[in-house]
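Dumped run36.cif below, it's mmCIF, C-alpha atoms:
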data_run
loop_
_atom_site.group_PDB
_atom_site.id
_atom_site.type_symbol
_atom_site.label_atom_id
_atom_site.label_comp_id
_atom_site.auth_asym_id
_atom_site.auth_seq_id
_atom_site.Cartn_x
_atom_site.Cartn_y
_atom_site.Cartn_z
ATOM 1 C CA GLU A 1353 44.608 228.784 23.384
ATOM 2 C CA SER A 1354 46.937 231.433 24.709
ATOM 3 C CA GLY A 1355 50.260 232.834 23.656
ATOM 4 C CA PRO A 1356 51.552 235.339 21.133
ATOM 5 C CA CYS A 1357 49.486 234.005 18.250
ATOM 6 C CA ARG A 1358 46.208 234.413 20.023
ATOM 7 C CA SER A 1359 46.929 237.869 21.399
ATOM 8 C CA SER A 1360 48.415 239.081 18.095
ATOM 9 C CA ALA A 1361 45.569 237.578 16.118
ATOM 10 C CA GLN A 1362 43.046 239.196 18.435
ATOM 11 C CA ALA A 1363 44.798 242.556 18.141
ATOM 12 C CA ILE A 1364 44.853 242.293 14.356
ATOM 13 C CA TRP A 1365 41.262 241.096 14.277
ATOM 14 C CA ARG A 1366 40.118 244.208 16.140
ATOM 15 C CA ARG A 1367 41.653 246.463 13.506
ATOM 16 C CA PRO A 1368 39.603 247.670 10.527
ATOM 17 C CA MET A 1369 41.020 245.128 8.017
ATOM 18 C CA ARG A 1370 39.107 242.106 9.294
ATOM 19 C CA PHE A 1371 39.837 239.975 6.242
ATOM 20 C CA ALA A 1372 43.520 239.605 7.180
ATOM 21 C CA LEU A 1373 43.044 236.182 8.792
ATOM 22 C CA LEU A 1374 40.492 234.738 6.400
ATOM 23 C CA PRO A 1375 41.622 231.843 4.149
ATOM 24 C CA LEU A 1376 43.470 233.185 1.140
ATOM 25 C CA PRO A 1377 44.094 231.306 -2.123
ATOM 26 C CA LEU A 1378 47.833 230.920 -2.617
ATOM 27 C CA ALA A 1379 47.643 232.386 -6.124
ATOM 28 C CA LEU A 1380 46.412 235.682 -4.673
ATOM 29 C CA LEU A 1381 49.210 235.921 -2.113
ATOM 30 C CA PRO A 1382 51.439 238.366 -4.092
ATOM 31 C CA PHE A 1383 48.531 240.744 -4.663
ATOM 32 C CA PHE A 1384 47.394 240.430 -1.062
ATOM 33 C CA LEU A 1385 50.922 241.150 0.098
ATOM 34 C CA ALA A 1386 51.226 244.207 -2.110
ATOM 35 C CA ALA A 1387 47.901 245.601 -0.947
ATOM 36 C CA PHE A 1388 48.573 244.581 2.653
ATOM 37 C CA ALA A 1389 51.941 246.310 2.634
ATOM 38 C CA VAL A 1390 50.462 249.524 1.273
ATOM 39 C CA VAL A 1391 47.365 249.565 3.477
ATOM 40 C CA ALA A 1392 48.745 248.157 6.718
ATOM 41 C CA PRO A 1393 52.553 248.039 6.740
ATOM 42 C CA SER A 1394 52.728 247.907 10.516
ATOM 43 C CA ARG A 1395 51.089 244.495 10.825
ATOM 44 C CA SER A 1396 53.397 241.574 11.258
ATOM 45 C CA LEU A 1397 53.292 239.044 8.458
ATOM 46 C CA LEU A 1398 55.407 236.740 10.596
ATOM 47 C CA THR A 1399 52.789 236.765 13.354
ATOM 48 C CA ILE A 1400 49.950 236.246 10.897
ATOM 49 C CA GLY A 1401 51.864 233.430 9.192
ATOM 50 C CA ARG A 1402 52.618 231.648 12.435
ATOM 51 C CA CYS A 1403 49.014 231.921 13.542
ATOM 52 C CA ARG A 1404 47.901 230.383 10.245
ATOM 53 C CA GLY A 1405 50.257 227.452 10.744
ATOM 54 C CA ILE A 1406 52.908 228.522 8.245
ATOM 55 C CA GLY A 1407 56.440 227.557 9.283
ATOM 56 C CA ALA A 1408 59.178 230.127 9.921
ATOM 57 C CA PRO A 1409 61.182 229.423 6.706
ATOM 58 C CA ALA A 1410 58.076 229.836 4.561
ATOM 59 C CA VAL A 1411 57.138 232.994 6.446
ATOM 60 C CA ALA A 1412 60.664 234.336 5.945
ATOM 61 C CA ARG A 1413 60.414 233.718 2.186
ATOM 62 C CA ARG A 1414 57.002 235.316 2.069
ATOM 63 C CA SER A 1415 58.196 238.138 4.282
ATOM 64 C CA SER A 1416 61.058 238.969 1.907
ATOM 65 C CA SER A 1417 58.647 238.821 -1.028
ATOM 66 C CA ARG A 1418 56.343 241.088 0.992
ATOM 67 C CA VAL A 1419 59.067 243.691 1.262
ATOM 68 C CA GLU A 1420 59.700 243.414 -2.476
ATOM 69 C CA ALA A 1421 55.959 243.543 -3.219
ATOM 70 C CA SER A 1422 55.581 246.512 -0.899
ATOM 71 C CA THR A 1423 58.379 248.394 -2.635
ATOM 72 C CA THR A 1424 57.002 247.494 -6.077
ATOM 73 C CA ALA A 1425 53.499 248.607 -5.093
ATOM 74 C CA GLU A 1426 54.735 251.870 -3.600
ATOM 75 C CA ARG A 1427 56.783 252.632 -6.725
ATOM 76 C CA CYS A 1428 53.764 251.861 -8.892
ATOM 77 C CA LEU A 1429 51.553 254.199 -6.862
ATOM 78 C CA ASP A 1430 54.167 256.962 -7.000
ATOM 79 C CA TRP A 1431 54.582 256.495 -10.754
ATOM 80 C CA LEU A 1432 50.821 256.715 -11.340
ATOM 81 C CA LYS A 1433 50.789 259.984 -9.410
ATOM 82 C CA GLU A 1434 53.739 261.236 -11.483
ATOM 83 C CA LEU A 1435 51.622 260.612 -14.588
ATOM 84 C CA GLY A 1436 49.082 263.035 -13.179
ATOM 85 C CA LEU A 1437 46.489 260.752 -11.619
ATOM 86 C CA ASP A 1438 45.147 262.086 -8.338
ATOM 87 C CA ASP A 1439 44.661 259.898 -5.264
ATOM 88 C CA ALA A 1440 41.047 259.038 -6.126
ATOM 89 C CA GLN A 1441 41.993 258.060 -9.698
ATOM 90 C CA VAL A 1442 44.906 255.943 -8.477
ATOM 91 C CA LYS A 1443 42.580 254.190 -6.055
ATOM 92 C CA LYS A 1444 39.995 253.497 -8.776
ATOM 93 C CA ALA A 1445 42.606 252.337 -11.294
ATOM 94 C CA THR A 1446 44.166 249.909 -8.817
ATOM 95 C CA ALA A 1447 40.719 248.714 -7.744
ATOM 96 C CA LYS A 1448 39.884 247.964 -11.409
ATOM 97 C CA PHE A 1449 43.193 246.175 -11.917
ATOM 98 C CA PRO A 1450 44.896 245.227 -8.615
ATOM 99 C CA LYS A 1451 47.607 243.294 -10.460
ATOM 100 C CA LEU A 1452 48.944 246.667 -11.563
ATOM 101 C CA LEU A 1453 50.564 246.985 -8.132
ATOM 102 C CA ALA A 1454 52.698 243.916 -8.817
ATOM 103 C CA TYR A 1455 54.304 245.280 -12.007
ATOM 104 C CA ARG A 1456 57.752 246.818 -11.832
ATOM 105 C CA VAL A 1457 57.787 250.434 -12.945
ATOM 106 C CA GLU A 1458 61.154 250.337 -14.736
ATOM 107 C CA ASN A 1459 60.698 246.958 -16.448
ATOM 108 C CA LYS A 1460 57.016 246.994 -17.365
ATOM 109 C CA LEU A 1461 55.048 250.187 -16.789
ATOM 110 C CA LYS A 1462 57.415 252.889 -18.054
ATOM 111 C CA PRO A 1463 58.365 251.061 -21.272
ATOM 112 C CA THR A 1464 54.702 250.467 -22.100
ATOM 113 C CA ALA A 1465 53.738 254.077 -21.392
ATOM 114 C CA GLN A 1466 56.743 255.354 -23.358
ATOM 115 C CA TRP A 1467 55.834 253.203 -26.361
ATOM 116 C CA ILE A 1468 52.277 254.555 -26.297
ATOM 117 C CA LYS A 1469 53.581 258.140 -26.099
ATOM 118 C CA GLU A 1470 55.872 257.504 -29.067
ATOM 119 C CA LEU A 1471 52.803 256.710 -31.155
ATOM 120 C CA GLY A 1472 51.674 260.300 -30.653
ATOM 121 C CA MET A 1473 49.556 260.165 -27.500
ATOM 122 C CA ASP A 1474 50.080 263.112 -25.172
ATOM 123 C CA ALA A 1475 50.343 262.895 -21.375
ATOM 124 C CA SER A 1476 46.727 263.892 -20.697
ATOM 125 C CA GLN A 1477 45.396 261.248 -23.112
ATOM 126 C CA LEU A 1478 47.676 258.606 -21.573
ATOM 127 C CA LYS A 1479 46.395 259.536 -18.125
ATOM 128 C CA LYS A 1480 42.783 259.093 -19.285
ATOM 129 C CA VAL A 1481 43.551 255.741 -20.913
ATOM 130 C CA ILE A 1482 45.330 254.405 -17.830
ATOM 131 C CA PHE A 1483 42.527 255.608 -15.570
ATOM 132 C CA GLY A 1484 39.842 254.152 -17.841
ATOM 133 C CA HIS A 1485 41.553 250.874 -18.715
ATOM 134 C CA PRO A 1486 44.569 250.185 -16.471
ATOM 135 C CA GLN A 1487 44.750 246.634 -17.866
ATOM 136 C CA LEU A 1488 46.457 248.162 -20.912
ATOM 137 C CA LEU A 1489 49.633 248.458 -18.830
ATOM 138 C CA GLY A 1490 49.437 244.736 -18.142
ATOM 139 C CA TYR A 1491 49.421 243.719 -21.788
ATOM 140 C CA SER A 1492 52.710 242.404 -23.102
ATOM 141 C CA LEU A 1493 54.531 244.985 -25.151
ATOM 142 C CA GLU A 1494 56.151 242.365 -27.387
ATOM 143 C CA SER A 1495 53.263 239.864 -27.596
ATOM 144 C CA ASN A 1496 50.205 242.132 -27.654
ATOM 145 C CA LEU A 1497 50.792 245.833 -28.132
ATOM 146 C CA LYS A 1498 53.454 245.951 -30.841
ATOM 147 C CA PRO A 1499 52.026 243.134 -33.012
ATOM 148 C CA THR A 1500 48.506 244.575 -32.820
ATOM 149 C CA ALA A 1501 49.782 248.059 -33.653
ATOM 150 C CA GLN A 1502 51.718 246.637 -36.619
ATOM 151 C CA TRP A 1503 48.616 244.791 -37.814
ATOM 152 C CA LEU A 1504 46.644 248.053 -37.630
ATOM 153 C CA ARG A 1505 49.411 249.759 -39.633
ATOM 154 C CA ASP A 1506 49.194 246.961 -42.197
ATOM 155 C CA LEU A 1507 45.475 247.761 -42.482
ATOM 156 C CA GLY A 1508 46.440 251.338 -43.407
ATOM 157 C CA LEU A 1509 46.448 253.235 -40.114
ATOM 158 C CA ASP A 1510 49.311 255.565 -39.212
ATOM 159 C CA ASP A 1511 50.770 255.930 -35.705
ATOM 160 C CA VAL A 1512 48.443 258.803 -34.756
ATOM 161 C CA GLN A 1513 45.440 256.695 -35.741
ATOM 162 C CA VAL A 1514 46.832 253.713 -33.799
ATOM 163 C CA ALA A 1515 47.134 256.015 -30.763
ATOM 164 C CA LYS A 1516 43.485 257.001 -31.284
ATOM 165 C CA VAL A 1517 42.533 253.313 -31.327
ATOM 166 C CA ILE A 1518 44.417 252.844 -28.044
ATOM 167 C CA ALA A 1519 42.619 255.843 -26.553
ATOM 168 C CA GLY A 1520 39.189 254.811 -27.806
ATOM 169 C CA LEU A 1521 39.321 251.032 -27.553
ATOM 170 C CA PRO A 1522 42.277 249.898 -25.415
ATOM 171 C CA GLN A 1523 40.717 246.449 -24.852
ATOM 172 C CA LEU A 1524 41.417 245.686 -28.516
ATOM 173 C CA PHE A 1525 45.096 245.285 -27.643
ATOM 174 C CA GLY A 1526 44.296 242.525 -25.178
ATOM 175 C CA LEU A 1527 42.646 240.356 -27.830
ATOM 176 C CA SER A 1528 44.472 237.588 -29.641
ATOM 177 C CA LEU A 1529 45.652 238.711 -33.032
ATOM 178 C CA GLU A 1530 45.545 235.247 -34.596
ATOM 179 C CA ASN A 1531 42.438 233.906 -32.850
ATOM 180 C CA ASN A 1532 40.265 237.005 -32.763
ATOM 181 C CA LEU A 1533 41.303 240.131 -34.659
ATOM 182 C CA LYS A 1534 42.466 238.640 -37.964
ATOM 183 C CA PRO A 1535 39.513 236.222 -38.294
ATOM 184 C CA THR A 1536 37.072 239.017 -37.445
ATOM 185 C CA ALA A 1537 38.642 241.335 -40.027
ATOM 186 C CA GLN A 1538 38.515 238.526 -42.596
ATOM 187 C CA TRP A 1539 34.843 237.950 -41.819
ATOM 188 C CA PHE A 1540 34.099 241.639 -42.437
ATOM 189 C CA LYS A 1541 35.986 241.471 -45.743
ATOM 190 C CA GLU A 1542 33.922 238.456 -46.760
ATOM 191 C CA LEU A 1543 30.775 240.475 -46.039
ATOM 192 C CA GLY A 1544 31.971 242.984 -48.621
ATOM 193 C CA MET A 1545 33.506 245.635 -46.402
ATOM 194 C CA ASN A 1546 36.674 247.167 -47.792
ATOM 195 C CA ASP A 1547 39.823 248.324 -45.997
ATOM 196 C CA ALA A 1548 38.738 251.961 -46.054
#

The structure given in the file should be rewritten as structure tokens.
Amino acid sequence: ESGPCRSSAQAIWRRPMRFALLPLPLALLPFFLAAFAVVAPSRSLLTIGRCRGIGAPAVARRSSSRVEASTTAERCLDWLKELGLDDAQVKKATAKFPKLLAYRVENKLKPTAQWIKELGMDASQLKKVIFGHPQLLGYSLESNLKPTAQWLRDLGLDDVQVAKVIAGLPQLFGLSLENNLKPTAQWFKELGMNDA
């Protein structure tokens, strides 16, 4: 087979990112696009799409979402650096949680970080938490973080102590309040442990 697809595909195949033409689950497309746009913005998604048998309208839709994903990913990377993470830490954090690159800074990341700071966590602690457990930024502020923090307050913790829980055990905020945390706390109470 000859033509632009073959020559473009061969040129892309010779480049370091050899996985670009491998089959990709559709659910991973936004994350692939975000990473692809950051790592290799010069490669043509249109050419890759055509070579994979994707029609022009679908490629155009994906191409526009690629630009949006690229911009979102770049803003996320810049924001992480503004928080004080160096390049190696940003790379490790995004490797631990690639979905982080798909979150909008203004709508998701900044409000979550601001809420955590308002609990009493300083910038250096926030940086450590994000580096150690970047998934925390993916938790829903309204469905996970705030209700769990309120539940901890109801158990007798103040905001500074809640911030310490976030710093020490951020995964706790990803657990279901109704299906995990409350039943576990009740079980401990039944064993004779008190609230103190």

*When distances are computed from all atoms listed in the file, which of A:Lys1480, A:Lys1451, A:Lys1469, A:Lys1443 shows the smallest separation from Val1514 of chain A?*
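That would be A:Lys1469, the residue with the smallest distance to Val1514 of chain A.
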
_Gap from atom CA of Leu1521 of chain A to atom CA of Leu1493 of chain A - Å, one decimal_ =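 A separation of 16.5 Å between them.
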
*asked:* Counting all atoms listed in the file, which residue out of A:Val1442, A:Val1517, A:Leu1509, A:Ala1425 sits closest to Arg1456 of chain A?
replied: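 Looking at the shortest contact to Arg1456 of chain A, the residue is A:Ala1425.
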
*Pick out the residues sitting within 12 Å of Leu1533 of chain A, and hand them over as a ChimeraX atom specification; count all atoms listed in the file, and ignore anything fewer than 3 positions along from it in its own chain.*
/A:1496,1499-1501,1503-1504,1507,1523-1530,1536-1540

*Evaluating the PyMOL selection byres ((chain A and resi 1448) around 12) on the displayed file yields which residues, as a ChimeraX atom specification?*
/A:1441-1447,1449-1453,1482-1488
